[in-house]
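K.L.:
Take a look at this one; I'll ask things after.
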Amino acid sequence: MLPGVYAPQDDTELLAEALHEVAPPPGTRVLDVGTGSGALALEAARRGAEVTAVDVSRRAVWTVRLNAWLRRLPVRIRRGNLFAPVRGRTYDLILANPPYVPAPDTGRGPRGRSLAWDAGCDGRLLLDPICRDAPALLSPGGTLLIVHSALSGPDRTLELLRAAGLKAAVVRRRWIPLGPVLRSRADWLRRCGLLAPAEDREELVVIRAERPC
C-alpha cells in the first residue's frame, strides 16, 4: 500500500461484516465509494460481484489497481470525487467508508494525509453529500451500507436517507478505543460536547439503507 492511503481499520472490518451479512450473489453491481486500499471492493469481487471502486486520491487508485492485479480480481477503478465518475449509472449495492472525523475549523479544508479522515467541524463534510446523492444511484431494491463514528451524527444520516425514500436503520455497532487523531483533539471534542468528560472510546455504526423495489 502506498504511503498516505487509508489502511483498513476497525471501521473497514465492521463494514465488511455488514457486507457478509448482505451476501451479494455473483453478478451484483457494487460501487465502493472512497475505496482507499480497496479492501471492501476486493472482498465484493471475491464473491463474484461486478465491482467499481472510486477514490479521489491518485495513490489510492494505484493501490487498488495493484491489489486487484496481485489477487487477479476484476475491479473497475475510477478516480474522482464521490459519485462524479459514475453519474448516470445504478448499482445494487453501494459501500461507503468516508472520512468522518470531526475537525476544528482552520479556515481551509483537509489536506495531505488528513484527507483520509478529517470531515469538518461536525464530521459530515462528505456524509451529507453521500446521503443526498447515493439514493439516486441505487437500483430498485438496492442497498447502501455506510460506516461512520457516532460522533458524526448517525441520527442525521438516518434522517437524510429516510427523507430520500429509503428504509434505513443502524445494523451494527462497535465501541473502540480512541485512535491517535481523536486522542490529539479530545479536549476540543469535549468542549464541543461531542465527547463526554471521561470518555476514552468512540462508537462506530453501520447504517443500512434500502431503496424500495
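Every chain in the C-alpha cells takes a letter, A first, then B, and so on in the order presented; its residues are numbered from 1, and the ligands are numbered from 1 following the presented order.
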I need the alpha helix (DSSP H) residues of segment 80-200 of chain A per DSSP on the backbone, written as a compact mmCIF listing (two decimals) with C-alpha atoms, in the first residue's frame.
P.N.:
```
# COMPACT_ATOMS: atom_id res chain seq x y z
CA LEU A 127 -21.53 12.17 4.81
CA ASP A 128 -24.16 14.72 3.82
CA PRO A 129 -23.35 14.59 0.07
CA ILE A 130 -23.36 10.79 0.18
CA CYS A 131 -26.77 10.75 1.87
CA ARG A 132 -28.02 13.25 -0.69
CA ASP A 133 -26.69 11.61 -3.86
CA ALA A 134 -26.46 7.87 -3.16
CA PRO A 135 -30.22 7.14 -3.31
CA ALA A 136 -30.38 8.13 -6.99
CA LEU A 137 -27.63 5.63 -7.79
CA PRO A 154 -25.96 8.80 12.93
CA ASP A 155 -29.42 10.26 13.55
CA ARG A 156 -28.73 12.86 10.86
CA THR A 157 -27.68 10.12 8.44
CA LEU A 158 -30.87 8.18 9.13
CA GLU A 159 -32.99 11.33 8.76
CA LEU A 160 -31.49 12.23 5.36
CA LEU A 161 -31.73 8.71 3.96
CA ARG A 162 -35.32 8.26 5.10
CA ALA A 163 -36.23 11.66 3.65
CA PRO A 180 -4.29 8.86 17.75
CA VAL A 181 -6.21 11.52 15.81
CA LEU A 182 -9.17 11.64 18.20
CA ARG A 183 -6.91 11.49 21.25
CA SER A 184 -4.99 14.50 19.95
CA ALA A 186 -10.08 15.07 22.72
CA ASP A 187 -10.15 18.38 24.61
CA TRP A 188 -11.69 20.13 21.60
CA LEU A 189 -14.26 17.34 21.19
CA ARG A 190 -15.23 17.71 24.84
CA ARG A 191 -15.58 21.48 24.51
```
K.L.:
Show me, as a ChimeraX atom specification, the residues that have an atom within 6 Å of segment 93-104 of chain A when counting only C-alpha atoms, minus same-chain residues fewer than 6 positions from it.
P.N.:
/A:30-34,116-123,142-147
K.L.:
Using the selection just defined, write its residues with C-alpha atoms as a short mmCIF file (atom, residue, chain, number, x, y, z; two decimals), in the first residue's frame.
P.N.:
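That gives us selection-v2.cif:
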```
data_model
loop_
_atom_site.label_atom_id
_atom_site.label_comp_id
_atom_site.auth_asym_id
_atom_site.auth_seq_id
_atom_site.Cartn_x
_atom_site.Cartn_y
_atom_site.Cartn_z
CA VAL A 30 -21.34 -2.99 -6.44
CA LEU A 31 -19.93 0.52 -6.00
CA ASP A 32 -17.27 1.12 -3.36
CA VAL A 33 -17.04 4.90 -2.96
CA GLY A 34 -13.97 6.25 -1.16
CA ALA A 116 -8.45 10.31 4.63
CA TRP A 117 -10.20 11.10 7.92
CA ASP A 118 -10.98 14.80 8.60
CA ALA A 119 -14.51 15.89 7.67
CA GLY A 120 -15.28 19.35 9.04
CA CYS A 121 -16.46 20.52 12.45
CA ASP A 122 -19.34 18.06 12.61
CA GLY A 123 -17.70 15.20 10.69
CA GLY A 142 -30.71 -1.73 -3.90
CA THR A 143 -28.82 -1.32 -0.62
CA LEU A 144 -26.48 1.31 0.77
CA LEU A 145 -24.07 0.37 3.57
CA ILE A 146 -22.26 3.27 5.23
CA VAL A 147 -20.00 3.27 8.28
#
```
K.L.:
Record the distance separating atom CA of Ile207 of chain A and atom CA of Ala169 of chain A, expressed in Å with one decimal.
P.N.:
5.6 Å
K.L.:
Would you kindly return, as an MDAnalysis selection string, each protein, DNA or RNA residue with an atom no farther than 12 Å from any atom of Val64 of chain A, considering only C-alpha atoms and excluding same-chain residues fewer than 6 positions away?
P.N.:
chainID A and resid 1:2 5:7 32 34:43 51:55 57:58 70:79
K.L.:
Please give the complete set of residues from segment 104-175 of chain A that DSSP, run on the backbone, assigns to strand (DSSP E or B), formatted as a list in words.
P.N.:
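Answer for segment 104-175 of chain A, restricted to strand (DSSP E or B): Asp118, Leu138, Ser139, Pro140, Gly141, Gly142, Thr143, Leu144, Leu145, Ile146, Val147, His148, Ser149, Lys167, Ala168, Ala169, Val170, Val171, Arg172, Arg173, Arg174 and Trp175 of chain A.
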K.L.:
So, counting only C-alpha atoms, which residue among A:Leu138, A:Val171, A:Leu204, A:Ala18 is closest to Ala150 of chain A?
P.N.:
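Going through A:Leu138, A:Val171, A:Leu204, A:Ala18 one by one, the smallest distance to Ala150 of chain A is for A:Leu204.
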K.L.:
Which residue is closest to Glu13 of chain A? Choose from A:Gly27, A:Glu199, A:Arg172, A:Pro212 and count only C-alpha atoms.
P.N.:
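Nearest to Glu13 of chain A: A:Arg172.
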K.L.:
Determine the nearest neighbour of Ser139 of chain A from the options A:Arg89, A:Arg174, A:Arg113, A:Arg201, counting only C-alpha atoms.
P.N.:
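Ranking A:Arg89, A:Arg174, A:Arg113, A:Arg201 by distance to Ser139 of chain A, first place goes to A:Arg89.
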K.L.:
How many Å separate atom CA of Leu151 of chain A from atom CA of Gly80 of chain A?
P.N.:
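Going from atom CA of Leu151 of chain A over to atom CA of Gly80 of chain A, I get 26.6 Å.
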